[in-house]
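Participant: Take a look at this one; I'll ask things after.
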Amino acid sequence: MIKIISVFIFIITFSITAKAQVKQELFDNKPHVIEGLYAFEKGDLDKSEKIFTRLLKDHPRNPVFLYNMGNIKLVQKQDKLAAHYYQIVIDLKSPLAPAAKIYMSQAVDRMGNYKKAIRLLGEAIEENLSDALYNLAMDEIELYKDYEEEFVNLANHQFERKEYERAYRNYWYAWVINPSSENNFKMGNTLLLLNNFKKAEDHFYKIKDDEIFKRAEDLMYEYGILEHIQVTKHKRVTLFFDYSSGSNSNPNTQAESETYDSDSERVVAYGGDYNFLIWKGLKAKIGVDGYRDSFKADPESKSSGFGFLLPVSYGTENFDFSITPKREKTTYGGEDYVRNSTLGFNHIYYFNKAKTSLSYTYSKYSALNSEYDYLSGKGHSFEAFYTYLFNYLDITIGYTWGKETLNDNDSSVSSNSNKAYELAFFIPLAERVSLDISTNYQISNYLADSTGFAQKDTTWTSYATLTLALRDYLSIYIRERFIKNNSNVKSDTLDYNYTQQYLAFGATFYLNF
């Protein structure tokens, strides 16, 4: 077998090796190389050894000469020398390295190191091997089939003792010998506990047995693998841009003397974030977001905002803490500056095919150089969501409660409490196409001011977003948003009832490195 593969490898390497110097050395010494290989084929090892020894004297780092010298020493059963030559080929990262690992496994096995032999074979089969080399490697692995149970039992014991690094190594040995569904599951499960989520997913998707894959799928949902891969495997930069245009059926709260056409609003939103792994399960994200909107009915009425966010999360349950300072500038009849800052806590827990999300947010509003004192104050909100992941559909139900306590010195409605109910559907229409549909019903109670003026609003908000992933790094979307608000305040001069409709286009870029 060595004879056939050695000639085959020589021919392939002569044509594909990446180093120009090696190519030139082969070309200059082609007659001698062919003579050496021919002698090896005929079993004249002494002559073949003399030729390759002479070639190595002039070219000591040529992987083709080293590889063939290793083959000679292997046949001569000089295993230590054979392993030495093969190791240099491997260290040189030559295209011959996978073949060197396969033959080196024979040498180290005869020296009594069967674990290293299995490791070399395992590393080799993870390469892009030719059919001939792959079959050779599998023939060699077959010789170790009786060791599988030993490795599994040892790994199970180490797993119970929470020695996950050692357990993984021994499960890997068992997997090399027998890449069964059970061994793939055990490796994936161990990798989850080592926070190597991408590699765990790779093993889970190699499982062929339906029942075992169901167990693996439950673990993937429990650990939230898809979300974690983006952060733990890659450093990721996300950028987004969103442009929306909409109309309002009512020039809200305007007196009759200030008659406007229905408002038309344009909003540009933009931002980005950088995800990275700090240490083990500790992840962080830094980012910015901003917006700018304007109104056709009142060009002088416009606003913009810019903020920073810093969430930190830990562990497979995805608990995170975030800080978001934001500064907004609003022009409406005069100039008004507002600084917003929020603290947030969020906890997501995955189990089976479901997940829950609980979050709390504290907000503080500071009015700067403003005549509208009611814009300063503080707010609290609490959210709870439950999602069940069906095979072809995700359904989410949610509840939100909030309260804002704002200064109110100019007879304006400000402090309020609110609660909202939400129902959402996520539908994967095709491999790269998805549809998000949601509806939200909110009840807002604005507390009475010093004059006794109070207000209660009910608001329906519906979204439909169609997303298309053009590439792994780019997705585009179109979104329809509809809002209908009903208020108990209505008079000759004030009418808070309105409907709004927006159409948005956007793009999101993902840069992994």
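Ordering of the structure tokens sets the chain letters (A, B, ...), residue numbers begin anew at 1 in every chain, and ligands are numbered from 1 in the order given.
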Please provide the set of residues having any atom within 6 Å of Trp460 of chain A, restricted to only C-alpha atoms, with same-chain residues fewer than 2 positions apart removed, written as number ranges by chain.

Facilitator: A: 440-441, 483-484

Participant: Just the residues within 12 Å of Ser48 of chain A, please, counting only C-alpha atoms, with nothing from its chain fewer than 2 positions along; format it as a PyMOL selection string.

Facilitator: chain A and resi 32-46+50-55+65+68-73+75-76

Participant: Go ahead and write the residues just picked, C-alpha atoms, as an mmCIF file, in the first residue's frame.

Facilitator:
data_model
loop_
_atom_site.group_PDB
_atom_site.id
_atom_site.type_symbol
_atom_site.label_atom_id
_atom_site.label_comp_id
_atom_site.auth_asym_id
_atom_site.auth_seq_id
_atom_site.Cartn_x
_atom_site.Cartn_y
_atom_site.Cartn_z
ATOM 1 C CA HIS A 32 17.062 11.330 -9.295
ATOM 2 C CA VAL A 33 13.618 11.495 -7.629
ATOM 3 C CA ILE A 34 12.110 9.152 -10.200
ATOM 4 C CA GLU A 35 15.056 6.782 -9.808
ATOM 5 C CA GLY A 36 14.620 6.798 -6.034
ATOM 6 C CA LEU A 37 10.875 6.118 -6.286
ATOM 7 C CA TYR A 38 11.451 3.344 -8.817
ATOM 8 C CA ALA A 39 13.980 1.670 -6.517
ATOM 9 C CA PHE A 40 11.474 1.926 -3.641
ATOM 10 C CA GLU A 41 8.796 0.313 -5.821
ATOM 11 C CA LYS A 42 11.123 -2.562 -6.676
ATOM 12 C CA GLY A 43 11.992 -3.095 -3.019
ATOM 13 C CA ASP A 44 15.580 -1.869 -3.323
ATOM 14 C CA LEU A 45 15.408 0.183 -0.149
ATOM 15 C CA ASP A 46 19.170 0.670 0.175
ATOM 16 C CA LYS A 50 21.013 6.582 -0.735
ATOM 17 C CA ILE A 51 19.295 8.695 -3.380
ATOM 18 C CA PHE A 52 16.977 10.517 -0.959
ATOM 19 C CA THR A 53 19.791 10.937 1.588
ATOM 20 C CA ARG A 54 21.833 12.715 -1.076
ATOM 21 C CA LEU A 55 18.851 14.853 -2.070
ATOM 22 C CA PHE A 65 12.265 14.160 -0.021
ATOM 23 C CA ASN A 68 9.794 9.526 0.983
ATOM 24 C CA MET A 69 12.629 9.053 3.451
ATOM 25 C CA GLY A 70 9.976 8.530 6.119
ATOM 26 C CA ASN A 71 8.351 5.862 3.941
ATOM 27 C CA ILE A 72 11.703 4.076 3.557
ATOM 28 C CA LYS A 73 12.324 4.078 7.311
ATOM 29 C CA VAL A 75 9.234 -0.171 5.698
ATOM 30 C CA GLN A 76 12.628 -0.801 7.324
#

Participant: Between atom CA of Lys198 of chain A and atom CA of Phe185 of chain A, what is the spacing in Å?

Facilitator: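 Taking atom CA of Phe185 of chain A as the start and atom CA of Lys198 of chain A as the end point, the length is 13.8 Å.
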
Participant: Rank A:Tyr164, A:Asp131, A:Tyr173, A:Leu503 by their smallest atom-to-atom distance to Asn196 of chain A, using only C-alpha atoms, and report the top residue only.

Facilitator: A:Tyr164

Participant: Have a look at A:Thr465, A:Ser415, A:Thr459, A:Ser487 and name the one nearest to Asp436 of chain A; count only C-alpha atoms.

Facilitator: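 With only C-alpha atoms as the atom set, the closest residue is A:Thr465.
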
Participant: Would you compute the distance between atom CA of Ile90 of chain A and atom CA of Ser130 of chain A? Give it in Å to one decimal.

Facilitator: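 Interatomic distance here is 17.2 Å.
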
Participant: So how many Å separate atom CA of Ser303 of chain A and atom CA of Thr324 of chain A, to one decimal?

Facilitator: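 Atom CA of Thr324 of chain A lies at a distance of 18.7 Å from atom CA of Ser303 of chain A.
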
Participant: Nearest residue to Ala269 of chain A out of A:Lys283, A:Gly290, A:Ser438, A:Tyr463, using only C-alpha atoms?

Facilitator: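 Residue with the minimum atom-to-atom distance to Ala269 of chain A: A:Gly290.
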
Participant: Which is closer to Ser381 of chain A than all the others in A:Glu404, A:Glu217, A:Asp109, A:Glu160, using only C-alpha atoms?

Facilitator: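 Of the candidates, the smallest distance to Ser381 of chain A is held by A:Glu404.
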
Participant: For Phe306 of chain A, list every protein, DNA or RNA residue within 12 Å, evaluated using only C-alpha atoms, and leave out those in the same chain fewer than 3 positions away; present the list as a list of chain:residue names.

Facilitator: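 That gives A:Val268, A:Ala269, A:Tyr270, A:Gly271, A:Gly272, A:Gly287, A:Val288, A:Asp289, A:Gly290, A:Tyr291, A:Arg292, A:Ser303, A:Leu309, A:Thr324, A:Pro325, A:Lys326, A:Arg327, A:Glu328, A:Lys329, A:Thr330, A:Val338, A:Arg339, A:Asn340, A:Ser341.
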
Participant: Select, from A:Gln442, A:Ile437, A:Tyr362, A:Ser304, the residue with the minimum atom-to-atom distance to Thr400 of chain A, counting only C-alpha atoms.

Facilitator: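 Closest to Thr400 of chain A, using only C-alpha atoms: A:Gln442.
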
Participant: Which residue gives the smallest distance to Thr458 of chain A among A:Leu192, A:Leu435, A:Val489, A:Ala384, with only C-alpha atoms counted?

Facilitator: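 Checking each of A:Leu192, A:Leu435, A:Val489, A:Ala384 against Thr458 of chain A, counting only C-alpha atoms, the winner is A:Val489.
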
Participant: May I have the residues within 12 Å of Lys101 of chain A as a ChimeraX atom specification, using only C-alpha atoms and disregarding those fewer than 4 positions away in the same chain?

Facilitator: /A:67,70-71,82-91,93-97,105-109,116-127,129,133-134,136-137,140

Participant: Write out as a compact mmCIF listing (two decimals) with all heavy atoms, in the first residue's frame each polymer residue whose atoms come within 12 Å of Leu191 of chain A, counting only C-alpha atoms; drop sequence neighbours fewer than 3 positions from it.

Facilitator:
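What ended up in out01.txt:
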# COMPACT_ATOMS: atom_id res chain seq x y z
N PHE A 159 -16.45 12.96 32.54
CA PHE A 159 -17.59 13.86 32.39
C PHE A 159 -18.33 14.01 33.72
O PHE A 159 -18.70 15.12 34.12
CB PHE A 159 -18.53 13.34 31.31
CG PHE A 159 -19.65 14.27 30.95
CD1 PHE A 159 -19.50 15.19 29.92
CD2 PHE A 159 -20.85 14.24 31.65
CE1 PHE A 159 -20.53 16.06 29.59
CE2 PHE A 159 -21.88 15.11 31.32
CZ PHE A 159 -21.72 16.02 30.30
N GLU A 163 -14.59 16.94 34.48
CA GLU A 163 -13.31 17.15 33.81
C GLU A 163 -13.58 17.18 32.30
O GLU A 163 -13.22 16.26 31.56
CB GLU A 163 -12.32 16.04 34.18
CG GLU A 163 -12.02 15.98 35.68
CD GLU A 163 -11.19 14.76 36.05
OE1 GLU A 163 -10.92 13.91 35.16
OE2 GLU A 163 -10.81 14.64 37.23
N TYR A 164 -14.20 18.25 31.86
CA TYR A 164 -14.75 18.27 30.51
C TYR A 164 -13.69 18.28 29.42
O TYR A 164 -13.90 17.71 28.34
CB TYR A 164 -15.69 19.48 30.35
CG TYR A 164 -16.85 19.45 31.30
CD1 TYR A 164 -17.12 20.51 32.15
CD2 TYR A 164 -17.69 18.33 31.37
CE1 TYR A 164 -18.18 20.48 33.04
CE2 TYR A 164 -18.75 18.30 32.26
CZ TYR A 164 -18.99 19.37 33.09
OH TYR A 164 -20.04 19.33 33.96
N GLU A 165 -12.54 18.92 29.66
CA GLU A 165 -11.48 18.92 28.65
C GLU A 165 -10.99 17.51 28.39
O GLU A 165 -10.83 17.08 27.24
CB GLU A 165 -10.31 19.81 29.12
CG GLU A 165 -10.63 21.30 29.17
CD GLU A 165 -10.53 21.94 27.79
OE1 GLU A 165 -10.25 21.20 26.82
OE2 GLU A 165 -10.75 23.15 27.70
N ARG A 166 -10.75 16.75 29.45
CA ARG A 166 -10.28 15.37 29.30
C ARG A 166 -11.38 14.49 28.70
O ARG A 166 -11.10 13.62 27.86
CB ARG A 166 -9.84 14.81 30.65
CG ARG A 166 -8.60 15.49 31.22
CD ARG A 166 -8.20 14.87 32.54
NE ARG A 166 -6.99 15.46 33.08
CZ ARG A 166 -6.42 15.10 34.22
NH1 ARG A 166 -6.98 14.11 34.94
NH2 ARG A 166 -5.32 15.67 34.65
N ALA A 167 -12.60 14.71 29.16
CA ALA A 167 -13.71 13.92 28.62
C ALA A 167 -13.85 14.15 27.13
O ALA A 167 -14.04 13.19 26.35
CB ALA A 167 -15.00 14.28 29.34
N TYR A 168 -13.74 15.40 26.71
CA TYR A 168 -13.85 15.69 25.28
C TYR A 168 -12.77 14.97 24.48
O TYR A 168 -13.04 14.40 23.42
CB TYR A 168 -13.73 17.20 25.04
CG TYR A 168 -13.55 17.54 23.58
CD1 TYR A 168 -14.60 17.42 22.68
CD2 TYR A 168 -12.30 17.92 23.09
CE1 TYR A 168 -14.43 17.69 21.33
CE2 TYR A 168 -12.12 18.19 21.74
CZ TYR A 168 -13.19 18.08 20.87
OH TYR A 168 -13.01 18.32 19.54
N ARG A 169 -11.54 14.97 24.99
CA ARG A 169 -10.46 14.32 24.26
C ARG A 169 -10.74 12.83 24.07
O ARG A 169 -10.54 12.27 22.98
CB ARG A 169 -9.14 14.55 25.01
CG ARG A 169 -7.93 13.78 24.44
CD ARG A 169 -7.71 14.03 22.97
NE ARG A 169 -7.48 15.42 22.66
CZ ARG A 169 -7.34 15.90 21.44
NH1 ARG A 169 -7.46 15.08 20.40
NH2 ARG A 169 -7.13 17.18 21.23
N TYR A 171 -13.75 11.29 24.26
CA TYR A 171 -14.89 11.13 23.35
C TYR A 171 -14.43 11.29 21.90
O TYR A 171 -14.93 10.62 20.99
CB TYR A 171 -15.98 12.16 23.65
CG TYR A 171 -16.84 11.83 24.85
CD1 TYR A 171 -17.18 12.81 25.79
CD2 TYR A 171 -17.34 10.55 25.05
CE1 TYR A 171 -17.97 12.52 26.88
CE2 TYR A 171 -18.14 10.25 26.15
CZ TYR A 171 -18.44 11.23 27.06
OH TYR A 171 -19.24 10.94 28.14
N TRP A 172 -13.46 12.21 21.71
CA TRP A 172 -12.95 12.43 20.35
C TRP A 172 -12.23 11.19 19.83
O TRP A 172 -12.40 10.80 18.67
CB TRP A 172 -12.01 13.62 20.34
CG TRP A 172 -11.51 13.99 18.98
CD1 TRP A 172 -12.15 14.74 18.03
CD2 TRP A 172 -10.25 13.63 18.40
NE1 TRP A 172 -11.38 14.87 16.91
CE2 TRP A 172 -10.20 14.20 17.10
CE3 TRP A 172 -9.16 12.89 18.85
CZ2 TRP A 172 -9.12 14.05 16.26
CZ3 TRP A 172 -8.07 12.73 18.00
CH2 TRP A 172 -8.06 13.31 16.73
N ASN A 184 -21.16 11.42 18.34
CA ASN A 184 -21.34 12.83 17.97
C ASN A 184 -22.12 13.58 19.03
O ASN A 184 -21.82 14.74 19.35
CB ASN A 184 -22.04 12.93 16.61
CG ASN A 184 -21.07 12.87 15.44
OD1 ASN A 184 -20.17 13.69 15.35
ND2 ASN A 184 -21.25 11.89 14.56
N PHE A 185 -23.16 12.95 19.58
CA PHE A 185 -23.96 13.59 20.62
C PHE A 185 -23.12 13.85 21.87
O PHE A 185 -23.17 14.94 22.46
CB PHE A 185 -25.16 12.72 20.98
CG PHE A 185 -25.99 13.27 22.10
CD1 PHE A 185 -26.93 14.26 21.86
CD2 PHE A 185 -25.81 12.84 23.40
CE1 PHE A 185 -27.69 14.79 22.90
CE2 PHE A 185 -26.55 13.37 24.46
CZ PHE A 185 -27.49 14.33 24.20
N LYS A 186 -22.35 12.84 22.30
CA LYS A 186 -21.53 13.00 23.52
C LYS A 186 -20.50 14.10 23.33
O LYS A 186 -20.26 14.90 24.25
CB LYS A 186 -20.84 11.67 23.86
CG LYS A 186 -21.78 10.58 24.36
CD LYS A 186 -21.03 9.30 24.62
CE LYS A 186 -21.96 8.19 25.11
NZ LYS A 186 -22.54 8.49 26.43
N MET A 187 -19.88 14.17 22.14
CA MET A 187 -18.92 15.23 21.89
C MET A 187 -19.60 16.60 21.90
O MET A 187 -19.09 17.56 22.50
CB MET A 187 -18.24 15.00 20.54
CG MET A 187 -17.23 13.88 20.54
SD MET A 187 -16.31 13.84 19.00
CE MET A 187 -15.38 15.35 19.13
N GLY A 188 -20.76 16.70 21.23
CA GLY A 188 -21.47 17.98 21.19
C GLY A 188 -21.89 18.44 22.57
O GLY A 188 -21.74 19.61 22.93
N LEU A 194 -18.08 23.37 27.44
CA LEU A 194 -16.81 24.07 27.25
C LEU A 194 -17.01 25.39 26.51
O LEU A 194 -16.05 26.04 26.10
CB LEU A 194 -15.84 23.18 26.47
CG LEU A 194 -15.33 21.95 27.22
CD1 LEU A 194 -14.58 21.02 26.27
CD2 LEU A 194 -14.43 22.35 28.38
N ASN A 195 -18.30 25.75 26.29
CA ASN A 195 -18.65 27.01 25.61
C ASN A 195 -18.16 27.07 24.17
O ASN A 195 -18.00 28.14 23.60
CB ASN A 195 -18.11 28.23 26.37
CG ASN A 195 -18.86 28.46 27.66
OD1 ASN A 195 -20.07 28.27 27.72
ND2 ASN A 195 -18.15 28.82 28.71
N ASN A 196 -17.94 25.91 23.55
CA ASN A 196 -17.56 25.88 22.14
C ASN A 196 -18.82 25.53 21.34
O ASN A 196 -19.00 24.40 20.88
CB ASN A 196 -16.46 24.84 21.89
CG ASN A 196 -15.81 25.01 20.53
OD1 ASN A 196 -16.44 25.51 19.59
ND2 ASN A 196 -14.56 24.61 20.41
N PHE A 197 -19.70 26.51 21.16
CA PHE A 197 -21.03 26.26 20.64
C PHE A 197 -21.02 25.92 19.14
O PHE A 197 -21.80 25.09 18.70
CB PHE A 197 -21.92 27.47 20.90
CG PHE A 197 -22.07 27.77 22.36
CD1 PHE A 197 -21.40 28.85 22.92
CD2 PHE A 197 -22.85 26.98 23.17
CE1 PHE A 197 -21.52 29.12 24.28
CE2 PHE A 197 -22.98 27.26 24.52
CZ PHE A 197 -22.31 28.32 25.07
N LYS A 198 -20.16 26.57 18.37
CA LYS A 198 -20.13 26.30 16.93
C LYS A 198 -19.68 24.86 16.66
O LYS A 198 -20.27 24.16 15.84
CB LYS A 198 -19.19 27.28 16.23
CG LYS A 198 -19.11 27.07 14.72
CD LYS A 198 -20.49 27.29 14.08
CE LYS A 198 -20.42 27.23 12.56
NZ LYS A 198 -20.20 25.86 12.08
N LYS A 199 -18.64 24.41 17.32
CA LYS A 199 -18.14 23.06 17.11
C LYS A 199 -19.17 22.04 17.60
O LYS A 199 -19.32 20.96 17.01
CB LYS A 199 -16.81 22.86 17.82
CG LYS A 199 -16.00 21.69 17.29
CD LYS A 199 -14.59 21.72 17.83
CE LYS A 199 -13.76 20.57 17.26
NZ LYS A 199 -12.38 20.59 17.75
N ALA A 200 -19.87 22.38 18.70
CA ALA A 200 -20.93 21.49 19.19
C ALA A 200 -22.02 21.33 18.13
O ALA A 200 -22.48 20.22 17.86
CB ALA A 200 -21.52 22.05 20.48
N GLU A 201 -22.41 22.45 17.53
CA GLU A 201 -23.43 22.39 16.49
C GLU A 201 -22.97 21.53 15.31
O GLU A 201 -23.75 20.75 14.76
CB GLU A 201 -23.75 23.80 16.00
CG GLU A 201 -24.89 23.82 14.98
CD GLU A 201 -24.97 25.15 14.25
OE1 GLU A 201 -23.91 25.73 13.99
OE2 GLU A 201 -26.08 25.58 13.94
N ASP A 202 -21.68 21.64 14.94
CA ASP A 202 -21.16 20.83 13.84
C ASP A 202 -21.34 19.34 14.11
O ASP A 202 -21.72 18.58 13.21
CB ASP A 202 -19.68 21.14 13.61
CG ASP A 202 -19.46 22.53 13.05
OD1 ASP A 202 -20.44 23.12 12.52
OD2 ASP A 202 -18.33 23.05 13.17
N HIS A 203 -21.07 18.92 15.34
CA HIS A 203 -21.23 17.50 15.67
C HIS A 203 -22.70 17.10 15.74
O HIS A 203 -23.07 16.01 15.31
CB HIS A 203 -20.54 17.19 17.00
CG HIS A 203 -19.06 16.99 16.86
ND1 HIS A 203 -18.51 15.85 16.32
CD2 HIS A 203 -18.02 17.80 17.16
CE1 HIS A 203 -17.19 15.96 16.30
NE2 HIS A 203 -16.87 17.14 16.81
N PHE A 204 -23.55 17.98 16.26
CA PHE A 204 -24.97 17.65 16.34
C PHE A 204 -25.56 17.42 14.95
O PHE A 204 -26.39 16.52 14.76
CB PHE A 204 -25.74 18.77 17.06
CG PHE A 204 -25.53 18.77 18.55
CD1 PHE A 204 -25.57 19.97 19.27
CD2 PHE A 204 -25.31 17.60 19.24
CE1 PHE A 204 -25.39 19.98 20.64
CE2 PHE A 204 -25.12 17.61 20.62
CZ PHE A 204 -25.16 18.79 21.32
N LEU A 219 -31.12 20.20 23.26
CA LEU A 219 -29.99 20.89 23.88
C LEU A 219 -29.67 22.19 23.16
O LEU A 219 -29.34 23.20 23.78
CB LEU A 219 -28.75 19.98 23.85
CG LEU A 219 -28.65 18.92 24.95
CD1 LEU A 219 -27.43 18.05 24.72
CD2 LEU A 219 -28.59 19.56 26.32
N MET A 220 -29.77 22.18 21.82
CA MET A 220 -29.48 23.40 21.07
C MET A 220 -30.47 24.51 21.42
O MET A 220 -30.10 25.67 21.53
CB MET A 220 -29.50 23.11 19.57
CG MET A 220 -28.28 22.36 19.08
SD MET A 220 -28.12 22.31 17.27
CE MET A 220 -29.27 20.98 16.89
N TYR A 223 -29.64 25.76 25.08
CA TYR A 223 -28.45 26.60 25.17
C TYR A 223 -28.51 27.82 24.26
O TYR A 223 -27.62 28.67 24.30
CB TYR A 223 -27.20 25.77 24.83
CG TYR A 223 -26.69 24.93 25.97
CD1 TYR A 223 -27.33 23.74 26.30
CD2 TYR A 223 -25.59 25.31 26.72
CE1 TYR A 223 -26.88 22.95 27.35
CE2 TYR A 223 -25.13 24.53 27.76
CZ TYR A 223 -25.78 23.35 28.07
OH TYR A 223 -25.32 22.58 29.10
N ILE A 225 -28.10 27.96 20.97
CA ILE A 225 -26.86 27.87 20.21
C ILE A 225 -26.75 28.91 19.11
O ILE A 225 -25.72 29.55 18.94
CB ILE A 225 -26.71 26.44 19.61
CG1 ILE A 225 -26.07 25.54 20.66
CG2 ILE A 225 -25.86 26.45 18.36
CD1 ILE A 225 -25.76 24.16 20.17
